[in-house]
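What follows is one structure encoded as structure tokens, with my remarks underneath.
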Amino acid sequence: MAGKTLYDKIWDAHLVRQREDGTALIYIDRQLIHEVTSPQAFEGLRLAGRKPWRAEANLATPDHNIPTTREERSRGLDGIKDPISRIQVKTLDENCQEFGILELGMNDLRQGIVHVVGPEQGATLPGMTIVCGDSHTSTHGALGALAHGIGTSEVEHVLATQCLLQKKMKNMLVKVNGKLGPGVTAKDIVLAIIGRIGTAGGTGYTIEFAGEAIRSLSVEGRMTVCNMAIEAGARAGLVAVDDTTLDYLKGRPFAPAGELWERAAAAWKELVSDADAHFDHVVELEADTIEPQVTWGTSPEMVAPVSGSIPDPAVETDVSRRGNMEQALKYMGLQPSTAIRDIQLDYIFIGSCTNSRIEDLREAAQVVKGKKVAANIELAMVVPGSGLVKQQAEAEGLDRIFIEAGLEWREPGCSMCLAMNADQLPAGKHCASTSNRNFEGRQGFGGRTHLVSPAMAAAAAVAGHFVDVRQLNNA
Amino acid sequence: MRKFSVVEGVVIPLNRANVDTDFIIPKQFLKSIKRTGFGPNLFDEHRYLDKGEPDADNSKRPLNPDFVLNQPRYRNGTILLARENFGCGSSREHAPWALDDYGIRVIIAPSFADIFFNNCFKNGLLPIVLEKEIVSKLFQEVEANEGYSLSVDLTSQTITTPSAEVIHFEVDEYKRQCLLDGLDEIGVTLQDADTIRDFEQQWRERAPWYFATPGQAGN
């Protein structure tokens, strides 16, 4: 009999009941909650007279539509100018209080983007099952946890039962062999993967990311990769546990300590796929062939290396794909065959659950240090992923580097990744963004998003158009 | 949940692949703390020519005449026909809520994104996967025939076309039963409460590190 994949192992350990109809009841160890996808779930509990099954398994923080300006944040809830946003954030506070759920509130130093906060607090642990009403929950797979996004009905289901009804996914292995070149990052790896397998390539699968290039990444880099598993269609991404994982977690507030840590760490070392495990699909990439990546269209799979150019729909033989490309170029206001380097930019956004951690900010700061944002850039902003990331960055003087270069330094939140708050990309403007989705209207009505790494966004800020960060460093 | 058995209705052809959840319901409407009222903002950025706001009077906004929902022949449609990877992107259940609130009951496409697909069933909507070729043929027929409607029967798992052609579709048995009976899934799961409690107790013994109260974990 073939061995087990990491996914198989976590699945089996959490299987409460296998039903005859093929569905399974899976136990959930941790639910993360934010203000947008939870109010209707709490309301459902109230209407049915139900209580959370295990309130302490939940951890909440507001992130999606809270303001990122110091002025609004400093005045607490009352400072939120948008009355509808204010009600939603207030509703989270009230629900957490009513149902006994720990919330890191808006002005708690530990508040931040839910997918930054979980790992940072050690609330994400290897081998856990983790859910959140947010598709980027796949991020937590970087620590060897089975984590995926769910809808609000399921948020309510997990609150009430601590379980989720699931059908097991298939196993996919994405192996990135060899070493990355200098200036090429985790973001470029995952964009290259999506470019290869497409945005539906992982649908129905859990993807395990493996290979030397993944192993060599820090936990934060692995989070960037797993974060965008959903952009490849996979609800969950995973990276096997190793010493890097354990070193990252040790001493974090919610992680076990002392003797319990030793026992946990010993158990977690088993969280790797067996050598003879069967994967339903295997994809391999060579790391040394990956260049810094830039998306040119309205789907993350519409991506090209920085040295490349925008493809020409006229030479695309698949009719449906050609139509998509034409639609995308029309929306983006771009011409076929334009060199990626010739795409002019108006906005720069460094942040989001994909790229707002301390290493991301260091990477961006290093590029802009001693330089100035180009004159054609209307707004360049850096939004740290959490209060603790912000504090750390300030301790390292990164905020000064950004501000001196002409970038705005904001308070933590999701911000212009999805533009639910006031941080919105105006219609027709091009933005180099470290976020995860370049869908039409994602960053603002009519806004034009290009997904890139923090280093590439920073380089673009200085140049005013896309530029190969490796050449900027040499200049 | 509303029961689903047979839906007969006009088909709306949304000829586009990778329709994402931002396309279905833009983010500004996610600020609502209710489950209802999203229908007027379904496909907002394509349906109207201006930018929608949560408190706007949608009846006064300029419509995009080219968008399929605004074409009189499709105005009362209840069955949405779309291309590959429908519902990709975020996990927002506001997407099926908006479709439902508008009056859509069935979505037919060659493939769906996982989270969206799952969310539909929780809200009495039936997403149906059909082969690409069949979907293309349906697009041709819908566009060629005004008032084209289909009859979708979940009990027999069949779609009947105006020319009496019968197309079979597959659906997960558990999900089918939930839709047919309008089941409260939480209620169903809680019938297994003892099994869950037993599992939890064993799991707590095997992996106590997952059960430490946040903030007090073994410290």
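Chain lettering (A, B, ...) mirrors the order of the structure tokens, residue numbering begins at 1 for each chain separately, and ligand numbering begins at 1 in order of display.
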
Define the interface residues of chain A facing chain B as those within 8 Å, counting only C-alpha atoms, and report them as a PyMOL selection string. chain A and resi 16-17+21+23+27+29+36-37+39-40+56-57+65+84-85+88+123+125+128+133-136+149-153+157+160-161+163+200+203-204+230-231+233-235+253-258+260-261+264+320+324+418-420+437+439-442+445

Assign secondary structure with DSSP using the backbone only, and return the residues of range 26-172 of chain B in strand (DSSP E or B) as a ChimeraX atom specification. /B:48,63,79-82,86,88,106-109,112,126-129,149-153,158-160,166-168

Out of A:Gly370, A:Pro292, A:Gly464, A:Pro182, which residue has the shortest atom-to-atom distance to Arg400 in chain A when counting only C-alpha atoms?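 Nearest candidate to Arg400 in chain A out of A:Gly370, A:Pro292, A:Gly464, A:Pro182: A:Gly370.
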
From the set A:Gln327, A:Ser299, A:Gln424, A:Thr449, which residue has the shortest atom-to-atom contact distance to Gln344 in chain A, counting only C-alpha atoms? A:Thr449

Got a sec: who's within 8 Å of Gly181 in chain A, counting only C-alpha atoms, leaving out chain neighbours fewer than 6 positions off, as JSON, numbers by chain? {"A": [287, 288, 290, 291]}

Produce a file of the selected residues containing C-alpha atoms, as a PDB file, in the first residue's frame.
```pdb
ATOM      1  CA  ALA A 287      13.601  27.598  -9.899  1.00  0.00           C
ATOM      2  CA  ASP A 288      16.512  28.970 -11.893  1.00  0.00           C
ATOM      3  CA  ILE A 290      11.850  31.773 -12.863  1.00  0.00           C
ATOM      4  CA  GLU A 291      12.215  35.531 -13.403  1.00  0.00           C
TER       5      GLU A 291
END
```

So that I can check the surroundings of Phe169 in chain B, please list as an MDAnalysis selection string every protein, DNA and RNA residue that reaches within 9 Å of it, counting only C-alpha atoms and ignoring chain neighbours fewer than 4 positions away. chainID B and resid 128:130 154 157:159

Quick check for you: according to DSSP on this backbone, which residues of range 319-435 of chain A are classed as alpha helix (DSSP H)? Reply as an mmCIF file with N, CA, C and O atoms, in the first residue's frame.
```cif
data_model
loop_
_atom_site.group_PDB
_atom_site.id
_atom_site.type_symbol
_atom_site.label_atom_id
_atom_site.label_comp_id
_atom_site.auth_asym_id
_atom_site.auth_seq_id
_atom_site.Cartn_x
_atom_site.Cartn_y
_atom_site.Cartn_z
ATOM 1 N N VAL A 319 -10.338 29.685 -28.827
ATOM 2 C CA VAL A 319 -11.272 30.801 -29.004
ATOM 3 C C VAL A 319 -11.663 31.441 -27.669
ATOM 4 O O VAL A 319 -11.698 32.667 -27.540
ATOM 5 N N SER A 320 -11.943 30.594 -26.694
ATOM 6 C CA SER A 320 -12.374 31.090 -25.394
ATOM 7 C C SER A 320 -11.256 31.889 -24.716
ATOM 8 O O SER A 320 -11.474 32.974 -24.168
ATOM 9 N N ARG A 321 -10.034 31.350 -24.796
ATOM 10 C CA ARG A 321 -8.889 32.051 -24.199
ATOM 11 C C ARG A 321 -8.630 33.379 -24.905
ATOM 12 O O ARG A 321 -8.314 34.376 -24.269
ATOM 13 N N ARG A 322 -8.767 33.338 -26.223
ATOM 14 C CA ARG A 322 -8.534 34.563 -26.991
ATOM 15 C C ARG A 322 -9.521 35.652 -26.537
ATOM 16 O O ARG A 322 -9.153 36.806 -26.319
ATOM 17 N N GLY A 323 -10.786 35.245 -26.387
ATOM 18 C CA GLY A 323 -11.820 36.187 -25.936
ATOM 19 C C GLY A 323 -11.471 36.773 -24.575
ATOM 20 O O GLY A 323 -11.603 37.976 -24.349
ATOM 21 N N ASN A 324 -11.010 35.905 -23.670
ATOM 22 C CA ASN A 324 -10.632 36.371 -22.327
ATOM 23 C C ASN A 324 -9.495 37.378 -22.400
ATOM 24 O O ASN A 324 -9.485 38.384 -21.686
ATOM 25 N N MET A 325 -8.510 37.084 -23.256
ATOM 26 C CA MET A 325 -7.350 37.972 -23.377
ATOM 27 C C MET A 325 -7.767 39.326 -23.926
ATOM 28 O O MET A 325 -7.323 40.378 -23.452
ATOM 29 N N GLU A 326 -8.642 39.293 -24.945
ATOM 30 C CA GLU A 326 -9.096 40.555 -25.551
ATOM 31 C C GLU A 326 -9.855 41.410 -24.533
ATOM 32 O O GLU A 326 -9.626 42.612 -24.412
ATOM 33 N N GLN A 327 -10.742 40.709 -23.790
ATOM 34 C CA GLN A 327 -11.515 41.398 -22.754
ATOM 35 C C GLN A 327 -10.571 42.038 -21.720
ATOM 36 O O GLN A 327 -10.745 43.179 -21.311
ATOM 37 N N ALA A 328 -9.570 41.254 -21.317
ATOM 38 C CA ALA A 328 -8.631 41.716 -20.291
ATOM 39 C C ALA A 328 -7.839 42.927 -20.778
ATOM 40 O O ALA A 328 -7.690 43.918 -20.055
ATOM 41 N N LEU A 329 -7.344 42.855 -21.997
ATOM 42 C CA LEU A 329 -6.530 43.963 -22.515
ATOM 43 C C LEU A 329 -7.359 45.231 -22.676
ATOM 44 O O LEU A 329 -6.895 46.338 -22.436
ATOM 45 N N LYS A 330 -8.619 45.036 -23.059
ATOM 46 C CA LYS A 330 -9.509 46.188 -23.198
ATOM 47 C C LYS A 330 -9.693 46.851 -21.833
ATOM 48 O O LYS A 330 -9.570 48.075 -21.690
ATOM 49 N N TYR A 331 -9.956 46.028 -20.826
ATOM 50 C CA TYR A 331 -10.150 46.574 -19.481
ATOM 51 C C TYR A 331 -8.881 47.256 -18.977
ATOM 52 O O TYR A 331 -8.923 48.321 -18.356
ATOM 53 N N MET A 332 -7.741 46.618 -19.252
ATOM 54 C CA MET A 332 -6.461 47.131 -18.741
ATOM 55 C C MET A 332 -5.952 48.320 -19.559
ATOM 56 O O MET A 332 -4.995 48.988 -19.155
ATOM 57 N N ILE A 358 7.063 41.214 7.800
ATOM 58 C CA ILE A 358 8.285 41.996 8.002
ATOM 59 C C ILE A 358 9.309 41.757 6.886
ATOM 60 O O ILE A 358 9.964 42.697 6.417
ATOM 61 N N GLU A 359 9.438 40.510 6.449
ATOM 62 C CA GLU A 359 10.428 40.245 5.389
ATOM 63 C C GLU A 359 10.050 40.947 4.082
ATOM 64 O O GLU A 359 10.922 41.391 3.332
ATOM 65 N N ASP A 360 8.735 41.017 3.828
ATOM 66 C CA ASP A 360 8.272 41.724 2.621
ATOM 67 C C ASP A 360 8.653 43.199 2.701
ATOM 68 O O ASP A 360 9.083 43.801 1.713
ATOM 69 N N LEU A 361 8.440 43.771 3.893
ATOM 70 C CA LEU A 361 8.712 45.198 4.054
ATOM 71 C C LEU A 361 10.210 45.469 3.975
ATOM 72 O O LEU A 361 10.643 46.472 3.396
ATOM 73 N N ARG A 362 11.005 44.547 4.524
ATOM 74 C CA ARG A 362 12.466 44.707 4.420
ATOM 75 C C ARG A 362 12.907 44.672 2.954
ATOM 76 O O ARG A 362 13.737 45.476 2.516
ATOM 77 N N GLU A 363 12.311 43.720 2.230
ATOM 78 C CA GLU A 363 12.644 43.546 0.809
ATOM 79 C C GLU A 363 12.331 44.824 0.021
ATOM 80 O O GLU A 363 13.142 45.282 -0.793
ATOM 81 N N ALA A 364 11.175 45.416 0.306
ATOM 82 C CA ALA A 364 10.784 46.635 -0.400
ATOM 83 C C ALA A 364 11.642 47.822 0.031
ATOM 84 O O ALA A 364 12.087 48.630 -0.798
ATOM 85 N N ALA A 365 11.906 47.904 1.338
ATOM 86 C CA ALA A 365 12.671 49.040 1.871
ATOM 87 C C ALA A 365 14.080 49.050 1.293
ATOM 88 O O ALA A 365 14.636 50.116 0.973
ATOM 89 N N GLN A 366 14.641 47.872 1.156
ATOM 90 C CA GLN A 366 16.003 47.769 0.633
ATOM 91 C C GLN A 366 16.098 48.369 -0.777
ATOM 92 O O GLN A 366 17.097 48.996 -1.134
ATOM 93 N N VAL A 367 15.030 48.176 -1.540
ATOM 94 C CA VAL A 367 15.025 48.672 -2.921
ATOM 95 C C VAL A 367 14.878 50.195 -2.981
ATOM 96 O O VAL A 367 15.531 50.870 -3.781
ATOM 97 N N VAL A 368 14.012 50.746 -2.111
ATOM 98 C CA VAL A 368 13.747 52.197 -2.208
ATOM 99 C C VAL A 368 14.712 53.035 -1.364
ATOM 100 O O VAL A 368 14.707 54.266 -1.462
ATOM 101 N N GLY A 387 -0.256 45.064 13.627
ATOM 102 C CA GLY A 387 0.332 46.056 14.516
ATOM 103 C C GLY A 387 1.743 45.655 14.927
ATOM 104 O O GLY A 387 2.629 46.499 15.078
ATOM 105 N N LEU A 388 1.952 44.347 15.077
ATOM 106 C CA LEU A 388 3.276 43.873 15.483
ATOM 107 C C LEU A 388 4.285 43.987 14.341
ATOM 108 O O LEU A 388 5.449 44.302 14.569
ATOM 109 N N VAL A 389 3.839 43.747 13.120
ATOM 110 C CA VAL A 389 4.724 43.943 11.957
ATOM 111 C C VAL A 389 5.102 45.417 11.874
ATOM 112 O O VAL A 389 6.271 45.774 11.655
ATOM 113 N N LYS A 390 4.114 46.264 12.086
ATOM 114 C CA LYS A 390 4.352 47.710 12.021
ATOM 115 C C LYS A 390 5.368 48.126 13.088
ATOM 116 O O LYS A 390 6.328 48.857 12.794
ATOM 117 N N GLN A 391 5.162 47.614 14.273
ATOM 118 C CA GLN A 391 6.070 47.946 15.370
ATOM 119 C C GLN A 391 7.504 47.497 15.061
ATOM 120 O O GLN A 391 8.464 48.240 15.264
ATOM 121 N N GLN A 392 7.626 46.279 14.545
ATOM 122 C CA GLN A 392 8.944 45.741 14.216
ATOM 123 C C GLN A 392 9.608 46.574 13.115
ATOM 124 O O GLN A 392 10.789 46.905 13.181
ATOM 125 N N ALA A 393 8.808 46.909 12.100
ATOM 126 C CA ALA A 393 9.343 47.692 10.981
ATOM 127 C C ALA A 393 9.840 49.055 11.482
ATOM 128 O O ALA A 393 10.899 49.537 11.055
ATOM 129 N N GLU A 394 9.086 49.651 12.375
ATOM 130 C CA GLU A 394 9.475 50.960 12.907
ATOM 131 C C GLU A 394 10.741 50.842 13.759
ATOM 132 O O GLU A 394 11.611 51.724 13.723
ATOM 133 N N ALA A 395 10.848 49.728 14.490
ATOM 134 C CA ALA A 395 12.047 49.509 15.295
ATOM 135 C C ALA A 395 13.288 49.392 14.397
ATOM 136 O O ALA A 395 14.392 49.762 14.777
ATOM 137 N N LEU A 398 12.361 51.030 9.054
ATOM 138 C CA LEU A 398 11.856 50.869 7.688
ATOM 139 C C LEU A 398 10.844 51.960 7.342
ATOM 140 O O LEU A 398 10.776 52.419 6.197
ATOM 141 N N ASP A 399 10.069 52.374 8.349
ATOM 142 C CA ASP A 399 9.072 53.421 8.105
ATOM 143 C C ASP A 399 9.753 54.694 7.605
ATOM 144 O O ASP A 399 9.277 55.354 6.686
ATOM 145 N N ARG A 400 10.926 55.010 8.206
ATOM 146 C CA ARG A 400 11.652 56.218 7.785
ATOM 147 C C ARG A 400 12.118 56.088 6.339
ATOM 148 O O ARG A 400 12.048 57.034 5.552
ATOM 149 N N ILE A 401 12.616 54.908 6.015
ATOM 150 C CA ILE A 401 13.089 54.683 4.636
ATOM 151 C C ILE A 401 11.950 54.907 3.646
ATOM 152 O O ILE A 401 12.107 55.596 2.632
ATOM 153 N N PHE A 402 10.793 54.342 3.951
ATOM 154 C CA PHE A 402 9.643 54.495 3.044
ATOM 155 C C PHE A 402 9.218 55.961 2.948
ATOM 156 O O PHE A 402 9.014 56.491 1.855
ATOM 157 N N ILE A 403 9.087 56.587 4.110
ATOM 158 C CA ILE A 403 8.584 57.964 4.122
ATOM 159 C C ILE A 403 9.562 58.897 3.390
ATOM 160 O O ILE A 403 9.152 59.739 2.583
ATOM 161 N N GLU A 404 10.863 58.696 3.640
ATOM 162 C CA GLU A 404 11.855 59.547 2.965
ATOM 163 C C GLU A 404 11.859 59.334 1.457
ATOM 164 O O GLU A 404 12.153 60.239 0.681
ATOM 165 N N ALA A 405 11.503 58.110 1.044
ATOM 166 C CA ALA A 405 11.453 57.832 -0.399
ATOM 167 C C ALA A 405 10.148 58.339 -1.025
ATOM 168 O O ALA A 405 10.006 58.349 -2.243
#
```

For Val131 in chain A, find every residue with an atom within 6 Å (counting only C-alpha atoms), except residues of its own chain fewer than 6 positions away, and show them as an MDAnalysis selection string. chainID A and resid 31 147:149

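The smallest atom-to-atom distance between Trp268 in chain A and any of A:Asp242, A:Glu212, A:Asp280, A:Asp318, using only C-alpha atoms, is found for A:Asp242.
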
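Excluding Tyr102 in chain B and any residue on its chain fewer than 4 positions from it, the residues at most 8 Å away by only C-alpha atoms are B:Phe38, B:Gly39, B:Pro40, B:Leu42, B:Ala98.
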
Write a file of the selected residues as a PDB file, in the first residue's frame, keeping all heavy atoms.
```pdb
ATOM      1  N   PHE B  38     -29.107  41.853  -1.688  1.00  0.00           N
ATOM      2  CA  PHE B  38     -27.963  42.004  -2.596  1.00  0.00           C
ATOM      3  C   PHE B  38     -28.360  41.937  -4.082  1.00  0.00           C
ATOM      4  O   PHE B  38     -27.558  42.231  -4.952  1.00  0.00           O
ATOM      5  CB  PHE B  38     -26.913  40.918  -2.319  1.00  0.00           C
ATOM      6  CG  PHE B  38     -26.318  40.988  -0.930  1.00  0.00           C
ATOM      7  CD1 PHE B  38     -26.708  40.097   0.063  1.00  0.00           C
ATOM      8  CD2 PHE B  38     -25.384  41.958  -0.611  1.00  0.00           C
ATOM      9  CE1 PHE B  38     -26.172  40.165   1.349  1.00  0.00           C
ATOM     10  CE2 PHE B  38     -24.840  42.037   0.674  1.00  0.00           C
ATOM     11  CZ  PHE B  38     -25.236  41.140   1.647  1.00  0.00           C
ATOM     12  N   GLY B  39     -29.596  41.521  -4.344  1.00  0.00           N
ATOM     13  CA  GLY B  39     -30.041  41.303  -5.729  1.00  0.00           C
ATOM     14  C   GLY B  39     -29.850  42.491  -6.657  1.00  0.00           C
ATOM     15  O   GLY B  39     -29.321  42.336  -7.764  1.00  0.00           O
ATOM     16  N   PRO B  40     -30.231  43.699  -6.240  1.00  0.00           N
ATOM     17  CA  PRO B  40     -30.081  44.852  -7.139  1.00  0.00           C
ATOM     18  C   PRO B  40     -28.623  45.137  -7.496  1.00  0.00           C
ATOM     19  O   PRO B  40     -28.351  45.874  -8.446  1.00  0.00           O
ATOM     20  CB  PRO B  40     -30.675  46.014  -6.325  1.00  0.00           C
ATOM     21  CG  PRO B  40     -31.595  45.362  -5.342  1.00  0.00           C
ATOM     22  CD  PRO B  40     -30.967  44.043  -5.015  1.00  0.00           C
ATOM     23  N   LEU B  42     -26.313  42.598  -7.950  1.00  0.00           N
ATOM     24  CA  LEU B  42     -25.716  41.456  -8.639  1.00  0.00           C
ATOM     25  C   LEU B  42     -25.040  41.950  -9.925  1.00  0.00           C
ATOM     26  O   LEU B  42     -25.656  42.699 -10.684  1.00  0.00           O
ATOM     27  CB  LEU B  42     -26.817  40.437  -8.979  1.00  0.00           C
ATOM     28  CG  LEU B  42     -26.391  39.235  -9.823  1.00  0.00           C
ATOM     29  CD1 LEU B  42     -25.490  38.301  -9.024  1.00  0.00           C
ATOM     30  CD2 LEU B  42     -27.620  38.485 -10.326  1.00  0.00           C
ATOM     31  N   ALA B  98     -26.476  37.101  -3.549  1.00  0.00           N
ATOM     32  CA  ALA B  98     -26.888  38.078  -4.561  1.00  0.00           C
ATOM     33  C   ALA B  98     -27.625  37.384  -5.709  1.00  0.00           C
ATOM     34  O   ALA B  98     -28.649  37.877  -6.185  1.00  0.00           O
ATOM     35  CB  ALA B  98     -25.670  38.842  -5.086  1.00  0.00           C
TER      36      ALA B  98
END
```

So that I can see what lies close to range 346-357 of chain A, please list as a VMD selection string the residues with an atom at most 6 Å from it, counting only C-alpha atoms and leaving out residues fewer than 5 positions away in the same chain. chain A and resid 115 224 227 377 to 385 414 417 429 to 435

Please, could you write that set of residues out with N, CA, C and O atoms as a JSON list (two decimals), in the first residue's frame?
```json
[["chain", "number", "residue", "atom", "x", "y", "z"],
["A", 115, "HIS", "N", -4.78, 36.59, 8.31],
["A", 115, "HIS", "CA", -3.81, 35.56, 7.90],
["A", 115, "HIS", "C", -2.36, 35.94, 8.26],
["A", 115, "HIS", "O", -1.46, 35.13, 8.10],
["A", 224, "THR", "N", 3.46, 33.19, 1.50],
["A", 224, "THR", "CA", 3.13, 33.88, 0.24],
["A", 224, "THR", "C", 2.73, 32.87, -0.83],
["A", 224, "THR", "O", 1.76, 33.08, -1.57],
["A", 227, "ASN", "N", -0.64, 31.18, 0.23],
["A", 227, "ASN", "CA", -1.68, 32.21, 0.15],
["A", 227, "ASN", "C", -2.37, 32.19, -1.22],
["A", 227, "ASN", "O", -3.58, 32.31, -1.34],
["A", 377, "ILE", "N", 4.14, 58.77, -10.14],
["A", 377, "ILE", "CA", 3.38, 57.94, -9.19],
["A", 377, "ILE", "C", 2.55, 58.85, -8.30],
["A", 377, "ILE", "O", 3.07, 59.67, -7.56],
["A", 378, "GLU", "N", 1.20, 58.67, -8.39],
["A", 378, "GLU", "CA", 0.30, 59.55, -7.64],
["A", 378, "GLU", "C", 0.24, 59.19, -6.16],
["A", 378, "GLU", "O", 0.10, 60.06, -5.31],
["A", 379, "LEU", "N", 0.27, 57.89, -5.90],
["A", 379, "LEU", "CA", 0.26, 57.45, -4.49],
["A", 379, "LEU", "C", 0.98, 56.12, -4.38],
["A", 379, "LEU", "O", 0.69, 55.18, -5.14],
["A", 380, "ALA", "N", 1.92, 56.06, -3.46],
["A", 380, "ALA", "CA", 2.58, 54.80, -3.14],
["A", 380, "ALA", "C", 2.37, 54.57, -1.66],
["A", 380, "ALA", "O", 2.66, 55.44, -0.84],
["A", 381, "MET", "N", 1.80, 53.42, -1.31],
["A", 381, "MET", "CA", 1.52, 53.19, 0.10],
["A", 381, "MET", "C", 2.02, 51.84, 0.57],
["A", 381, "MET", "O", 2.03, 50.86, -0.17],
["A", 382, "VAL", "N", 2.44, 51.82, 1.84],
["A", 382, "VAL", "CA", 2.88, 50.58, 2.47],
["A", 382, "VAL", "C", 1.94, 50.35, 3.65],
["A", 382, "VAL", "O", 1.80, 51.21, 4.52],
["A", 383, "VAL", "N", 1.30, 49.18, 3.65],
["A", 383, "VAL", "CA", 0.35, 48.86, 4.71],
["A", 383, "VAL", "C", 0.81, 47.58, 5.40],
["A", 383, "VAL", "O", 0.65, 46.48, 4.85],
["A", 384, "PRO", "N", 1.40, 47.70, 6.58],
["A", 384, "PRO", "CA", 1.88, 46.51, 7.27],
["A", 384, "PRO", "C", 0.74, 45.57, 7.62],
["A", 384, "PRO", "O", -0.40, 46.00, 7.80],
["A", 385, "GLY", "N", 1.07, 44.28, 7.73],
["A", 385, "GLY", "CA", 0.03, 43.26, 7.91],
["A", 385, "GLY", "C", -0.55, 43.20, 9.30],
["A", 385, "GLY", "O", -1.64, 42.67, 9.51],
["A", 414, "CYS", "N", -6.42, 45.18, 5.49],
["A", 414, "CYS", "CA", -6.42, 44.61, 4.12],
["A", 414, "CYS", "C", -6.26, 45.71, 3.07],
["A", 414, "CYS", "O", -5.73, 45.47, 1.99],
["A", 417, "CYS", "N", -5.95, 45.98, -1.15],
["A", 417, "CYS", "CA", -5.99, 44.66, -1.80],
["A", 417, "CYS", "C", -7.39, 44.42, -2.33],
["A", 417, "CYS", "O", -7.56, 43.92, -3.43],
["A", 429, "LYS", "N", -6.50, 53.84, -13.52],
["A", 429, "LYS", "CA", -5.13, 53.94, -13.00],
["A", 429, "LYS", "C", -4.48, 52.55, -12.91],
["A", 429, "LYS", "O", -5.13, 51.58, -12.54],
["A", 430, "HIS", "N", -3.18, 52.52, -13.21],
["A", 430, "HIS", "CA", -2.42, 51.28, -13.12],
["A", 430, "HIS", "C", -1.69, 51.21, -11.78],
["A", 430, "HIS", "O", -1.04, 52.17, -11.38],
["A", 431, "CYS", "N", -1.81, 50.07, -11.13],
["A", 431, "CYS", "CA", -1.19, 49.90, -9.82],
["A", 431, "CYS", "C", -0.29, 48.67, -9.80],
["A", 431, "CYS", "O", -0.72, 47.58, -10.18],
["A", 432, "ALA", "N", 0.95, 48.86, -9.35],
["A", 432, "ALA", "CA", 1.81, 47.72, -9.06],
["A", 432, "ALA", "C", 1.48, 47.31, -7.65],
["A", 432, "ALA", "O", 1.67, 48.09, -6.71],
["A", 433, "SER", "N", 0.95, 46.11, -7.49],
["A", 433, "SER", "CA", 0.40, 45.70, -6.20],
["A", 433, "SER", "C", 0.98, 44.37, -5.75],
["A", 433, "SER", "O", 1.10, 43.44, -6.55],
["A", 434, "THR", "N", 1.29, 44.28, -4.46],
["A", 434, "THR", "CA", 1.82, 43.02, -3.94],
["A", 434, "THR", "C", 0.70, 42.09, -3.49],
["A", 434, "THR", "O", 0.96, 41.10, -2.81],
["A", 435, "SER", "N", -0.54, 42.41, -3.85],
["A", 435, "SER", "CA", -1.68, 41.62, -3.40],
["A", 435, "SER", "C", -1.85, 40.37, -4.27],
["A", 435, "SER", "O", -0.92, 39.95, -4.95]]
```

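Put simply, CA of Gln191 in chain B is 13.8 Å away from CA of Leu164 in chain A.
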